[in-house]
Every structure is written in structure tokens, then in C-alpha cells.
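File shown here: target05.csv, holding CSV, C-alpha atoms.
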chain,number,residue,atom,x,y,z
I,1,MET,CA,-8.3,-24.4,-6.9
I,2,ASN,CA,-11.0,-25.4,-9.4
I,3,ARG,CA,-13.8,-23.2,-7.9
I,4,LEU,CA,-13.8,-19.5,-7.5
I,5,ILE,CA,-11.6,-18.0,-4.8
I,6,ARG,CA,-13.9,-16.5,-2.1
I,7,ALA,CA,-12.3,-13.3,-0.8
I,8,GLY,CA,-13.3,-11.1,2.1
I,9,ILE,CA,-12.5,-7.5,2.7
I,10,VAL,CA,-11.7,-6.3,6.2
I,11,GLY,CA,-12.2,-2.6,6.5
I,12,TYR,CA,-14.1,-0.4,4.1
I,13,GLY,CA,-12.3,2.8,3.4
I,14,GLN,CA,-10.8,4.0,0.1
I,15,VAL,CA,-8.5,0.9,-0.3
I,16,GLY,CA,-11.4,-1.4,0.7
I,17,ARG,CA,-13.5,0.1,-2.1
I,18,GLY,CA,-10.5,-0.3,-4.4
I,19,VAL,CA,-10.3,-4.0,-3.6
I,20,GLU,CA,-14.1,-4.4,-4.1
I,21,ILE,CA,-13.7,-2.9,-7.6
I,22,ALA,CA,-10.6,-5.0,-8.4
I,23,LEU,CA,-12.3,-8.3,-7.4
I,24,LYS,CA,-15.0,-7.8,-10.0
I,25,GLN,CA,-12.3,-7.8,-12.6
I,26,GLN,CA,-10.9,-11.2,-11.5
I,27,ARG,CA,-12.3,-14.1,-13.4
I,28,ASP,CA,-11.4,-16.7,-10.8
I,29,MET,CA,-12.4,-14.7,-7.7
I,30,THR,CA,-15.6,-13.5,-6.0
I,31,LEU,CA,-16.3,-11.2,-3.0
I,32,GLY,CA,-17.9,-13.1,-0.1
I,33,ALA,CA,-18.4,-10.2,2.3
I,34,VAL,CA,-17.0,-6.9,3.6
I,35,PHE,CA,-16.3,-6.9,7.4
I,36,THR,CA,-16.4,-3.5,9.2
I,37,ARG,CA,-16.0,-2.2,12.7
I,38,ARG,CA,-18.6,0.4,11.9
I,39,ARG,CA,-22.3,-0.4,11.9
I,40,PRO,CA,-22.8,-2.5,8.7
I,41,ASN,CA,-26.0,-0.6,7.8
I,42,VAL,CA,-24.1,2.7,7.4
I,43,ILE,CA,-21.7,1.2,4.8
I,44,LYS,CA,-22.5,2.1,1.2
I,45,PRO,CA,-20.6,-0.3,-1.1
I,46,TYR,CA,-19.6,0.5,-4.6
I,47,PHE,CA,-21.6,-2.5,-5.9
I,48,SER,CA,-25.2,-3.0,-4.8
I,49,ASP,CA,-24.8,-6.8,-4.3
I,50,THR,CA,-21.9,-6.5,-1.9
I,51,VAL,CA,-22.6,-8.1,1.5
I,52,VAL,CA,-21.5,-6.2,4.6
I,53,ARG,CA,-21.0,-7.9,8.0
I,54,ASP,CA,-19.9,-6.9,11.4
I,55,TYR,CA,-16.1,-7.3,12.1
I,56,ASN,CA,-16.9,-9.3,15.2
I,57,ASP,CA,-18.7,-11.9,13.2
I,58,MET,CA,-15.7,-12.7,11.0
I,59,ALA,CA,-14.8,-15.9,12.8
I,60,LEU,CA,-18.2,-17.4,11.7
I,61,TYR,CA,-17.0,-17.3,8.1
I,62,GLU,CA,-13.9,-19.4,8.4
I,63,ASP,CA,-15.5,-22.1,6.1
I,64,ASP,CA,-16.9,-19.5,3.6
I,65,ILE,CA,-13.9,-17.2,3.0
I,66,ASP,CA,-10.6,-18.4,1.4
I,67,VAL,CA,-8.6,-15.2,1.9
I,68,MET,CA,-9.1,-11.9,3.7
I,69,ILE,CA,-7.8,-8.7,2.3
I,70,VAL,CA,-7.2,-6.4,5.2
I,71,CYS,CA,-7.6,-2.7,4.4
I,72,ALA,CA,-6.8,-0.7,7.5
I,73,GLN,CA,-4.3,1.8,8.8
I,74,SER,CA,-0.7,0.6,9.3
I,75,LYS,CA,-0.1,2.8,12.4
I,76,ALA,CA,-3.3,2.4,14.3
I,77,ASP,CA,-4.8,-0.9,13.2
I,78,LEU,CA,-2.6,-3.5,11.4
I,79,PRO,CA,-0.2,-4.4,14.3
I,80,GLU,CA,-3.1,-5.9,16.1
I,81,MET,CA,-5.6,-6.7,13.3
I,82,SER,CA,-3.3,-8.5,10.9
I,83,PRO,CA,-2.1,-11.2,13.3
I,84,HIS,CA,-5.7,-11.7,14.5
I,85,VAL,CA,-7.0,-12.2,11.0
I,86,ALA,CA,-4.0,-14.4,10.0
I,87,SER,CA,-4.7,-16.8,12.8
I,88,MET,CA,-8.0,-17.7,11.1
I,89,PHE,CA,-7.7,-16.9,7.4
I,90,ASN,CA,-5.2,-16.7,4.6
I,91,MET,CA,-4.5,-13.0,4.5
I,92,VAL,CA,-3.1,-10.0,2.6
I,93,ASP,CA,-2.4,-6.6,4.1
I,94,SER,CA,-0.8,-3.4,3.0
I,95,TYR,CA,1.4,-2.5,6.0
I,96,ASP,CA,3.6,0.4,4.9
I,97,ILE,CA,5.8,1.5,7.9
I,98,HIS,CA,9.1,0.6,6.3
I,99,ALA,CA,11.1,1.0,9.4
I,100,GLU,CA,9.0,-1.6,11.4
I,101,ILE,CA,8.1,-4.0,8.7
I,102,VAL,CA,10.4,-6.9,9.9
I,103,GLU,CA,8.7,-6.8,13.3
I,104,HIS,CA,5.3,-6.8,11.7
I,105,LEU,CA,6.3,-9.8,9.5
I,106,ASP,CA,7.4,-11.7,12.6
I,107,ALA,CA,4.2,-11.0,14.5
I,108,VAL,CA,2.0,-12.1,11.6
I,109,ASP,CA,4.2,-15.1,10.9
I,110,ALA,CA,3.7,-16.5,14.4
I,111,ALA,CA,-0.1,-16.1,14.1
I,112,ALA,CA,-0.3,-17.6,10.6
I,113,GLU,CA,1.9,-20.5,11.4
I,114,LYS,CA,-0.2,-21.4,14.5
I,115,GLY,CA,-3.3,-21.3,12.4
I,116,GLY,CA,-1.8,-23.1,9.4
I,117,LYS,CA,-2.5,-20.1,7.1
I,118,THR,CA,-0.6,-18.0,4.6
I,119,ALA,CA,-0.3,-14.3,5.0
I,120,ILE,CA,1.4,-11.8,2.7
I,121,ILE,CA,2.2,-8.5,4.3
I,122,GLY,CA,3.3,-5.1,2.8
I,123,VAL,CA,1.3,-5.5,-0.4
I,124,GLY,CA,0.7,-2.5,-2.6
I,125,TRP,CA,3.0,-0.3,-4.7
I,126,ASP,CA,5.4,0.8,-2.0
I,127,PRO,CA,5.9,-1.5,-0.1
I,128,GLY,CA,5.2,-3.9,-2.9
I,129,ILE,CA,5.8,-3.4,-6.6
I,130,PHE,CA,8.5,-0.7,-5.9
I,131,SER,CA,10.2,-3.1,-3.4
I,132,MET,CA,10.5,-5.7,-6.1
I,133,GLN,CA,12.0,-3.2,-8.5
I,134,ARG,CA,14.6,-2.1,-5.9
I,135,LEU,CA,15.8,-5.6,-5.4
I,136,LEU,CA,15.8,-6.3,-9.2
I,137,GLY,CA,17.8,-3.2,-9.9
I,138,GLU,CA,20.4,-4.1,-7.2
I,139,VAL,CA,21.0,-7.7,-8.5
I,140,LEU,CA,21.2,-6.5,-12.1
I,141,LEU,CA,23.6,-3.6,-11.4
I,142,PRO,CA,25.5,-4.5,-8.2
I,143,ASN,CA,27.9,-1.6,-8.7
I,144,GLY,CA,25.4,1.2,-8.4
I,145,GLN,CA,22.8,3.2,-6.3
I,146,THR,CA,19.1,2.8,-5.9
I,147,ASP,CA,16.9,5.9,-5.4
I,148,THR,CA,13.1,5.9,-4.8
I,149,PHE,CA,11.0,9.0,-5.4
I,150,TRP,CA,7.3,9.3,-4.5
I,151,GLY,CA,4.8,11.7,-5.9
I,152,GLU,CA,3.8,14.1,-6.7
I,153,GLY,CA,0.6,12.8,-5.2
I,154,LEU,CA,-1.7,12.1,-2.3
I,155,SER,CA,-0.3,9.6,0.2
I,156,GLN,CA,-3.0,7.4,1.9
I,157,GLY,CA,-0.9,6.3,4.8
I,158,HIS,CA,0.4,9.7,5.7
I,159,THR,CA,-3.0,11.2,5.2
I,160,ALA,CA,-4.5,8.7,7.7
I,161,ALA,CA,-1.7,9.4,10.2
I,162,VAL,CA,-2.6,13.2,10.0
I,163,LYS,CA,-6.3,12.4,10.5
I,164,ASP,CA,-5.4,10.5,13.6
I,165,VAL,CA,-4.0,13.5,15.4
I,166,ALA,CA,-6.4,14.8,18.1
I,167,GLY,CA,-8.3,17.8,17.0
I,168,VAL,CA,-8.1,17.1,13.2
I,169,THR,CA,-11.5,17.1,11.4
I,170,ASP,CA,-10.1,16.1,8.1
I,171,ALA,CA,-6.8,16.3,6.2
I,172,VAL,CA,-4.8,15.3,3.1
I,173,GLN,CA,-1.0,14.9,2.7
I,174,TYR,CA,0.9,15.3,-0.6
I,175,THR,CA,4.4,13.9,-1.2
I,176,ILE,CA,6.4,16.1,-3.5
I,177,PRO,CA,9.8,14.9,-5.0
I,178,ASN,CA,12.8,17.1,-5.2
I,179,GLN,CA,13.3,17.5,-9.0
I,180,ASP,CA,17.0,18.2,-8.7
I,181,ALA,CA,17.6,15.0,-6.8
I,182,LEU,CA,15.4,13.1,-9.4
I,183,GLU,CA,17.5,14.3,-12.3
I,184,ALA,CA,20.7,13.6,-10.5
I,185,ALA,CA,19.6,10.0,-9.9
I,186,ARG,CA,18.8,9.5,-13.6
I,187,SER,CA,22.2,10.9,-14.7
I,188,GLY,CA,24.2,8.7,-12.4
I,189,ARG,CA,25.7,11.6,-10.4
I,190,LYS,CA,26.2,10.8,-6.8
I,191,LEU,CA,23.4,12.5,-4.8
I,192,SER,CA,24.3,15.1,-2.2
I,193,PHE,CA,20.8,14.8,-0.9
I,194,ASN,CA,20.0,12.4,1.9
I,195,ALA,CA,16.8,10.3,1.7
I,196,THR,CA,14.6,12.7,3.6
I,197,GLU,CA,15.8,15.7,1.6
I,198,ARG,CA,14.5,14.1,-1.6
I,199,HIS,CA,10.9,14.8,-0.7
I,200,GLU,CA,8.8,17.5,0.8
I,201,ARG,CA,5.6,16.6,2.7
I,202,MET,CA,2.7,19.1,2.3
I,203,CYS,CA,-0.3,18.8,4.7
I,204,TYR,CA,-3.6,20.5,4.3
I,205,VAL,CA,-5.5,20.2,7.6
I,206,VAL,CA,-9.0,21.2,8.9
I,207,ALA,CA,-8.8,21.7,12.7
I,208,ASP,CA,-11.8,21.3,15.0
I,209,ASN,CA,-10.7,24.4,16.8
I,210,PRO,CA,-8.4,27.1,15.4
I,211,SER,CA,-6.8,27.6,18.9
I,212,GLU,CA,-5.3,24.1,18.5
I,213,GLU,CA,-3.6,24.7,15.3
I,214,LYS,CA,-0.1,25.3,16.8
I,215,ARG,CA,-0.2,22.0,18.8
I,216,ILE,CA,-1.6,20.0,15.8
I,217,ALA,CA,1.2,21.3,13.5
I,218,HIS,CA,3.8,20.4,16.1
I,219,GLU,CA,2.4,16.9,16.5
I,220,ILE,CA,2.4,16.3,12.7
I,221,LYS,CA,5.9,17.6,12.1
I,222,THR,CA,7.4,15.5,15.0
I,223,MET,CA,5.6,12.3,14.2
I,224,PRO,CA,8.1,9.4,13.9
I,225,HIS,CA,8.3,7.4,10.7
I,226,TYR,CA,6.0,9.8,8.9
I,227,PHE,CA,7.1,13.4,9.2
I,228,ALA,CA,9.8,13.9,11.8
I,229,ASP,CA,12.7,13.5,9.3
I,230,TYR,CA,11.2,15.3,6.4
I,231,ARG,CA,10.7,18.9,5.4
I,232,THR,CA,7.0,19.2,6.3
I,233,THR,CA,4.7,22.1,5.8
I,234,VAL,CA,1.2,22.3,7.4
I,235,HIS,CA,-1.5,24.5,6.0
I,236,PHE,CA,-4.8,25.0,7.8
I,237,ILE,CA,-7.8,25.4,5.6
I,238,SER,CA,-11.6,25.2,5.8
I,239,LEU,CA,-13.6,22.0,5.3
I,240,ASP,CA,-15.2,23.4,2.1
I,241,GLU,CA,-11.8,24.2,0.6
I,242,LEU,CA,-10.5,20.7,1.4
I,243,ARG,CA,-13.5,19.1,-0.2
I,244,THR,CA,-13.4,21.4,-3.3
I,245,ASN,CA,-9.7,21.4,-4.0
I,246,HIS,CA,-8.3,18.2,-2.5
I,247,HIS,CA,-10.5,15.4,-3.5
I,248,GLN,CA,-8.3,13.7,-6.2
I,249,LYS,CA,-6.4,10.5,-5.3
I,250,LYS,CA,-3.6,10.7,-7.9
I,251,HIS,CA,-0.1,9.5,-7.0
I,252,GLY,CA,2.9,7.7,-8.4
I,253,GLY,CA,6.7,7.7,-8.3
I,254,HIS,CA,10.0,6.4,-9.6
I,255,VAL,CA,12.5,3.7,-8.6
I,256,ILE,CA,15.8,4.3,-10.2
I,257,ARG,CA,18.9,2.0,-10.2
I,258,SER,CA,21.9,3.8,-11.6
I,259,GLY,CA,25.3,2.1,-11.9
I,260,TYR,CA,28.3,1.0,-14.0
I,261,THR,CA,29.2,-2.3,-15.7
I,262,GLU,CA,32.6,-1.3,-17.1
I,263,LYS,CA,33.7,2.0,-15.4
I,264,SER,CA,32.9,4.1,-18.5
I,265,HIS,CA,29.6,2.5,-19.2
I,266,HIS,CA,26.8,4.0,-17.3
I,267,GLN,CA,23.5,2.0,-17.1
I,268,TYR,CA,20.3,2.9,-15.5
I,269,VAL,CA,16.9,1.2,-15.0
I,270,GLU,CA,13.8,3.2,-14.0
I,271,LEU,CA,10.3,2.1,-13.1
I,272,THR,CA,7.8,5.0,-13.3
I,273,ALA,CA,4.2,4.7,-12.1
I,274,LYS,CA,1.3,7.1,-12.4
I,275,PHE,CA,-2.1,6.4,-10.8
I,276,ASP,CA,-5.3,8.4,-11.3
I,277,SER,CA,-6.5,6.5,-8.2
I,278,ASN,CA,-3.9,5.4,-5.6
I,279,PRO,CA,-6.4,3.3,-3.6
I,280,GLU,CA,-7.8,1.6,-6.7
I,281,PHE,CA,-4.3,0.6,-7.9
I,282,THR,CA,-3.4,-0.6,-4.4
I,283,GLY,CA,-6.6,-2.7,-4.3
I,284,SER,CA,-5.7,-4.3,-7.7
I,285,VAL,CA,-2.3,-5.3,-6.3
I,286,MET,CA,-3.8,-6.8,-3.2
I,287,ALA,CA,-6.3,-8.8,-5.2
I,288,ALA,CA,-3.6,-10.4,-7.2
I,289,TYR,CA,-1.6,-11.3,-4.1
I,290,ALA,CA,-4.7,-12.7,-2.5
I,291,ARG,CA,-4.8,-15.3,-5.2
I,292,ALA,CA,-1.1,-16.2,-4.5
I,293,ALA,CA,-1.9,-16.6,-0.7
I,294,CYS,CA,-4.5,-19.2,-1.5
I,295,LEU,CA,-2.2,-21.1,-3.9
I,296,MET,CA,0.7,-21.1,-1.4
I,297,GLN,CA,-1.5,-22.3,1.4
I,298,SER,CA,-2.8,-25.2,-0.7
I,299,ASN,CA,0.8,-26.1,-1.3
I,300,ARG,CA,1.4,-26.0,2.5
I,301,GLN,CA,3.6,-22.9,2.3
I,302,THR,CA,2.3,-21.3,5.5
I,303,GLY,CA,3.3,-18.4,7.6
I,304,ALA,CA,4.0,-14.8,6.7
I,305,LYS,CA,5.5,-13.9,3.4
I,306,THR,CA,6.4,-10.7,1.5
I,307,VAL,CA,6.3,-9.9,-2.2
I,308,PHE,CA,9.9,-11.1,-2.4
I,309,ASP,CA,8.7,-14.7,-1.7
I,310,ILE,CA,6.0,-14.9,-4.3
I,311,PRO,CA,6.7,-16.3,-7.8
I,312,LEU,CA,5.1,-14.1,-10.5
I,313,THR,CA,3.2,-17.2,-11.8
I,314,TYR,CA,1.3,-17.3,-8.5
I,315,LEU,CA,-0.3,-13.9,-9.3
I,316,THR,CA,-2.0,-14.9,-12.5
I,317,SER,CA,-5.1,-17.0,-13.1
I,318,ARG,CA,-4.0,-17.7,-16.7
I,319,PRO,CA,-2.4,-21.1,-17.7
I,320,ILE,CA,1.3,-20.8,-17.2
I,321,ARG,CA,2.1,-22.2,-20.7
I,322,ASP,CA,0.0,-19.4,-22.2
I,323,VAL,CA,1.9,-16.8,-20.2
I,324,ILE,CA,5.2,-18.2,-21.3
I,325,ARG,CA,4.1,-18.4,-24.9
I,326,GLU,CA,2.9,-14.8,-25.0
I,327,MET,CA,5.1,-12.9,-22.6
I,328,LEU,CA,8.5,-14.6,-22.3
How does this structure look as C-alpha cells?
Amino acid sequence: MNRLIRAGIVGYGQVGRGVEIALKQQRDMTLGAVFTRRRPNVIKPYFSDTVVRDYNDMALYEDDIDVMIVCAQSKADLPEMSPHVASMFNMVDSYDIHAEIVEHLDAVDAAAEKGGKTAIIGVGWDPGIFSMQRLLGEVLLPNGQTDTFWGEGLSQGHTAAVKDVAGVTDAVQYTIPNQDALEAARSGRKLSFNATERHERMCYVVADNPSEEKRIAHEIKTMPHYFADYRTTVHFISLDELRTNHHQKKHGGHVIRSGYTEKSHHQYVELTAKFDSNPEFTGSVMAAYARAACLMQSNRQTGAKTVFDIPLTYLTSRPIRDVIREML
């Protein structure tokens, strides 16, 4: 594509803003518009020249937007929104419910194939970059074990899930790794911890009505795919305390592959990530994969894809020979 890639953002929360910032740093991309289900005049973009339009007007921009970057909640929005967008536009989303991601892939694939578009789902750091590292570790060390640890940090998807509980004014959720399990994974010792015991989930919640706190805590702790299988603690606090003490967006984690080549030779590979801003890093990953979606569609590689399907060379705007010369 010789001209600038024209991207759109669907949804303008923290990740949407992160994408807006990321697009300004791409030399071959430009932001066409943000599409919101809220009233456009209440949205205050990060950059003053960002155009905001109504979500229901999105179809009018089929000839003006090359790829949509969908920034919405996995639990409440993306199962319906992603197929709808993918039927009209090349698309990237950050669907992050691991247990249901194959079903989401199939639903988006049907819509994208019908529209002749390319959609990349589950884009971010997990799913996303961490997923790639898990697969790479497994193929490099087939006789071994992979362990993923998240945090310590604020989880966007889990925070959104808590906010969706009836009676919640606002909330944050922190994921905290079990340090004993983390060190055991690095050392190659077989873990005695199951997946859900490797993390603790800590929720800080502002309730509309204190009399509802018991019900709210129960709904959070029993929520499938998010909290039901984890050691979860719910703290109720005031809105002032939440805004004062829980406004940072830091996060990160580790993917560790530990194994043996010859039986006495222990090898391990670890990817460690630390983010001052979880949503801004997620936005940066989504912007890179939006470029790939456009390239794949121009090569008639349509339908729904994941990060496993995308060559690394599709993510960069740089000439491939320069990349090979400098990085190989």
C-alpha cells in the first residue's frame, strides 16, 4: 500500500486512547475517526484533531477506513461487535477470554469471509505477545513445561468485568503472582501449584449502596472465566480512595519455558514484560497488527486470523531488506 493506511478506532476507553497515541507514532498510518456508542460530543480525545463519529454511522465510512481497531470489552461487547465490524472492514480486536477464544475466532471468521475482509483477533500482550512466546518456547524445548505469570498489575479485562456487576460504581482489579511458584518455574522444579493457585486476584470496589456489598462480592468471586477458579479478595472502599490510590495502569508478567535437552542439561527461556501503561502498550500492539491486517487483505488472505498466523515482516513498515540487514 503506497498511501497512508487509514485506521479507525471503535470504542474510546483507555485502550482506544492508547491506540490513538500509538497511531501518531506510525509513519505509514493515520487515524480517520473514532466511532463511539456514546454521544460523540462528550468524547474528549487525546489529540485535538481527532475526529469522533457515532457508532451507527460506521458503515458510511467503508470507503474511507482501511482497518478498524476495536477497543471494547471481551465479555459484554466483542462477541457481537467484532463480527459486525469484520463484515464491513478489516479489523483487529483484543478479545481476551482464553477459554472461549476458538468460538470467537469462528464467529469472526464467518463474518470476515462473507465480507472479503481480514480480521485478527486476540491482539495485545496476553493473548498476543505472550501467546507467541508460549508457542516458541514449546517448539524450542519440547521436553519441558510452560508457565505464565501475570502481574503484579492492574488488569483491564478483569477490571471491566467487575465494573459490569450491578451495583458497582467503579472498581479496579489487580493480578498478583505467587512468588514461590514463579521461582519454582525458573528453577525447573515441577510445580505443585495448579494454574489458578499461581495468582491472587485483588479487587477494590466502590458500591452504589453498602447494603449490596455481600451480593456484589459473591457475584465477583463466582464469575466464570474471571474469578471463580482463583483466590479472590474483594475490598470495598470509597470513590475518593479509589481515585487517589488506584489510578495507575501498570502491569506486566512472565512467560517461562523450562525444560531439558540432555537429561542433565536444564534450559529455560523467559520473556518478562513491564508496562507503565497497560492500555498504551496494548494499543501499540493493536496498531502494528492493524498494518498486518491490511497487507493480508491486499494479498487476498481473508477471514479471521490470530497472532500465530501473522509473519513478523507484516508488522513493520520498514523495508524488509533493511530489517534483515540490521536485525537478523
All residues 9 Å or closer to stretch 239-245 of chain I, all atoms listed in the file, same chain fewer than 6 positions away omitted, as a short mmCIF file (atom, residue, chain, number, x, y, z; two decimals) with C-alpha atoms, in the frame of the given file:
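What follows is the written file result.cif:
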data_model
loop_
_atom_site.label_atom_id
_atom_site.label_comp_id
_atom_site.auth_asym_id
_atom_site.auth_seq_id
_atom_site.Cartn_x
_atom_site.Cartn_y
_atom_site.Cartn_z
CA THR I 169 -11.50 17.10 11.40
CA ASP I 170 -10.10 16.10 8.10
CA ALA I 171 -6.80 16.30 6.20
CA VAL I 172 -4.80 15.30 3.10
CA TYR I 204 -3.60 20.50 4.30
CA VAL I 205 -5.50 20.20 7.60
CA VAL I 206 -9.00 21.20 8.90
CA ALA I 207 -8.80 21.70 12.70
#
Show me a table, sorted first by chain and then by increasing residue number, of the residues of stretch 250-323 of chain I having an atom at most 10 Å from stretch 174-187 of chain I, each with its shortest atom pair and the distance in Å to one decimal, counting all atoms listed in the file and written as JSON lines.
{"residue": "I:Lys250", "atom": "CA", "partner": "I:Tyr174", "partner_atom": "CA", "distance": 9.7}
{"residue": "I:His251", "atom": "CA", "partner": "I:Thr175", "partner_atom": "CA", "distance": 8.6}
{"residue": "I:Gly252", "atom": "CA", "partner": "I:Thr175", "partner_atom": "CA", "distance": 9.6}
{"residue": "I:Gly253", "atom": "CA", "partner": "I:Pro177", "partner_atom": "CA", "distance": 8.5}
{"residue": "I:His254", "atom": "CA", "partner": "I:Leu182", "partner_atom": "CA", "distance": 8.6}
{"residue": "I:Val255", "atom": "CA", "partner": "I:Ala185", "partner_atom": "CA", "distance": 9.6}
{"residue": "I:Ile256", "atom": "CA", "partner": "I:Ala185", "partner_atom": "CA", "distance": 6.9}
{"residue": "I:Arg257", "atom": "CA", "partner": "I:Ala185", "partner_atom": "CA", "distance": 8.0}
{"residue": "I:Ser258", "atom": "CA", "partner": "I:Arg186", "partner_atom": "CA", "distance": 6.8}
{"residue": "I:Gly259", "atom": "CA", "partner": "I:Ser187", "partner_atom": "CA", "distance": 9.7}
{"residue": "I:His266", "atom": "CA", "partner": "I:Ser187", "partner_atom": "CA", "distance": 8.7}
{"residue": "I:Gln267", "atom": "CA", "partner": "I:Ser187", "partner_atom": "CA", "distance": 9.3}
{"residue": "I:Tyr268", "atom": "CA", "partner": "I:Arg186", "partner_atom": "CA", "distance": 7.0}
{"residue": "I:Val269", "atom": "CA", "partner": "I:Arg186", "partner_atom": "CA", "distance": 8.6}
{"residue": "I:Glu270", "atom": "CA", "partner": "I:Arg186", "partner_atom": "CA", "distance": 8.1}
Mind dumping a table of every stretch 49-74 of chain I residue within 10 Å of stretch 15-34 of chain I, with the nearest atom pair and its distance in Å to one decimal, using all atoms listed in the file, sorted by chain and rising number, as a tab-separated table?
residue	atom	partner	partner_atom	distance
I:Asp49	CA	I:Leu31	CA	9.7
I:Thr50	CA	I:Ala33	CA	6.6
I:Val51	CA	I:Ala33	CA	4.8
I:Val52	CA	I:Val34	CA	4.7
I:Arg53	CA	I:Val34	CA	6.0
I:Asp54	CA	I:Val34	CA	8.3
I:Tyr55	CA	I:Val34	CA	8.6
I:Met58	CA	I:Ala33	CA	9.4
I:Tyr61	CA	I:Gly32	CA	9.3
I:Asp64	CA	I:Gly32	CA	7.5
I:Ile65	CA	I:Gly32	CA	6.5
I:Asp66	CA	I:Gly32	CA	9.1
I:Val67	CA	I:Gly32	CA	9.7
I:Met68	CA	I:Val34	CA	9.3
I:Ile69	CA	I:Val19	CA	7.9
I:Val70	CA	I:Gly16	CA	7.9
I:Cys71	CA	I:Gly16	CA	5.5
I:Ala72	CA	I:Val15	CA	8.1
Next item on the list: Tell me which of I:Lys263, I:Lys249, I:Arg39, I:His84 sits closest to I:Glu280, counting only C-alpha atoms.
Entry: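 Using only C-alpha atoms, I:Glu280 sits closest to I:Lys249.
Proximity to I:Leu141 was assessed for I:Gly116, I:Ile121, I:His265, I:Ser82 counting all atoms listed in the file; the smallest distance is recorded for I:His265.
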Notebook entry, point to check: I:Pro79: which residues within 9 Å, counting all atoms listed in the file, same-chain residues fewer than 2 positions away excluded, as a list in words?
Noted result: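 Those residues are Ser74, Lys75, Ala76, Asp77, Met81, Ser82, Pro83, Tyr95, His104, Ala107 and Val108 of chain I.
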Check: If we count only C-alpha atoms, what is near stretch 228-234 of chain I at a cut-off of 9 Å, once residues fewer than 5 positions away on the same chain are taken out, given as an NGL selection string?
Finding: :I and (195-205 or 217 or 220-223)
Go ahead and find all residues with at least one atom no further than 12 Å from (8.5, -13.6, -7.5) in the file's coordinates, using all atoms listed in the file; report them as a PDB file with C-alpha atoms, in the frame of the given file.
ATOM      1  CA  GLY I 128       5.200  -3.900  -2.900  1.00  0.00           C
ATOM      2  CA  ILE I 129       5.800  -3.400  -6.600  1.00  0.00           C
ATOM      3  CA  SER I 131      10.200  -3.100  -3.400  1.00  0.00           C
ATOM      4  CA  MET I 132      10.500  -5.700  -6.100  1.00  0.00           C
ATOM      5  CA  GLN I 133      12.000  -3.200  -8.500  1.00  0.00           C
ATOM      6  CA  LEU I 135      15.800  -5.600  -5.400  1.00  0.00           C
ATOM      7  CA  LEU I 136      15.800  -6.300  -9.200  1.00  0.00           C
ATOM      8  CA  TYR I 289      -1.600 -11.300  -4.100  1.00  0.00           C
ATOM      9  CA  ALA I 292      -1.100 -16.200  -4.500  1.00  0.00           C
ATOM     10  CA  LYS I 305       5.500 -13.900   3.400  1.00  0.00           C
ATOM     11  CA  THR I 306       6.400 -10.700   1.500  1.00  0.00           C
ATOM     12  CA  VAL I 307       6.300  -9.900  -2.200  1.00  0.00           C
ATOM     13  CA  PHE I 308       9.900 -11.100  -2.400  1.00  0.00           C
ATOM     14  CA  ASP I 309       8.700 -14.700  -1.700  1.00  0.00           C
ATOM     15  CA  ILE I 310       6.000 -14.900  -4.300  1.00  0.00           C
ATOM     16  CA  PRO I 311       6.700 -16.300  -7.800  1.00  0.00           C
ATOM     17  CA  LEU I 312       5.100 -14.100 -10.500  1.00  0.00           C
ATOM     18  CA  THR I 313       3.200 -17.200 -11.800  1.00  0.00           C
ATOM     19  CA  TYR I 314       1.300 -17.300  -8.500  1.00  0.00           C
ATOM     20  CA  LEU I 315      -0.300 -13.900  -9.300  1.00  0.00           C
ATOM     21  CA  THR I 316      -2.000 -14.900 -12.500  1.00  0.00           C
TER      22      THR I 316
END
Next item on the list: For each of I:Tyr260, I:Phe35, I:Phe281, I:Phe275, take the minimum atom-to-atom distance to I:Gly188, counting only C-alpha atoms, then give the residue where this is smallest.
Entry: I:Tyr260
Item checked: Coordinates-based distance that separates atom CA of I:Ala59 from atom CA of I:Ile101 (Å, one decimal) ->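 So the two atoms, atom CA of I:Ile101 and atom CA of I:Ala59, lie 26.1 Å apart.
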Item checked: Contacts of I:Cys294 within 9 Å, all atoms listed in the file, excl. fewer than 2 positions in-chain, as a list in words ->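 Listed by chain and then number, they are Met1, Ile5, Asp66, Val67, Asn90, Met91, Lys117, Thr118, Tyr289, Ala290, Arg291, Ala292, Met296, Gln297, Ser298 and Asn299 of chain I.
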Next item on the list: Go through I:Glu62, I:Asp147, I:Glu113, I:Asp322 and flag the residue nearest I:Gln301, using all atoms listed in the file for the distances.
Entry: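 With all atoms listed in the file as the atom set, the closest residue is I:Glu113.
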Could you add the missing atoms to stretch 186-197 of chain I, up to N, CA and C atoms, and return them as a CSV table (one decimal), keeping the file's coordinate frame?
chain,number,residue,atom,x,y,z
I,186,ARG,N,18.9,10.0,-12.2
I,186,ARG,CA,18.8,9.5,-13.6
I,186,ARG,C,20.2,9.7,-14.3
I,187,SER,N,20.9,10.7,-14.0
I,187,SER,CA,22.2,10.9,-14.7
I,187,SER,C,23.3,10.1,-14.2
I,188,GLY,N,23.2,9.5,-13.0
I,188,GLY,CA,24.2,8.7,-12.4
I,188,GLY,C,25.1,9.5,-11.5
I,189,ARG,N,24.9,10.8,-11.3
I,189,ARG,CA,25.7,11.6,-10.4
I,189,ARG,C,25.4,11.2,-9.0
I,190,LYS,N,26.4,11.1,-8.2
I,190,LYS,CA,26.2,10.8,-6.8
I,190,LYS,C,25.4,11.9,-6.1
I,191,LEU,N,24.3,11.5,-5.4
I,191,LEU,CA,23.4,12.5,-4.8
I,191,LEU,C,24.1,13.1,-3.6
I,192,SER,N,23.9,14.4,-3.5
I,192,SER,CA,24.3,15.1,-2.2
I,192,SER,C,23.1,15.2,-1.3
I,193,PHE,N,22.0,14.7,-1.7
I,193,PHE,CA,20.8,14.8,-0.9
I,193,PHE,C,20.6,13.5,-0.1
I,194,ASN,N,20.3,13.6,1.2
I,194,ASN,CA,20.0,12.4,1.9
I,194,ASN,C,18.5,12.0,1.6
I,195,ALA,N,18.1,10.8,2.1
I,195,ALA,CA,16.8,10.3,1.7
I,195,ALA,C,15.7,11.2,2.1
I,196,THR,N,15.7,11.9,3.2
I,196,THR,CA,14.6,12.7,3.6
I,196,THR,C,14.6,14.0,2.9
I,197,GLU,N,15.8,14.4,2.3
I,197,GLU,CA,15.8,15.7,1.6
I,197,GLU,C,15.3,15.5,0.2
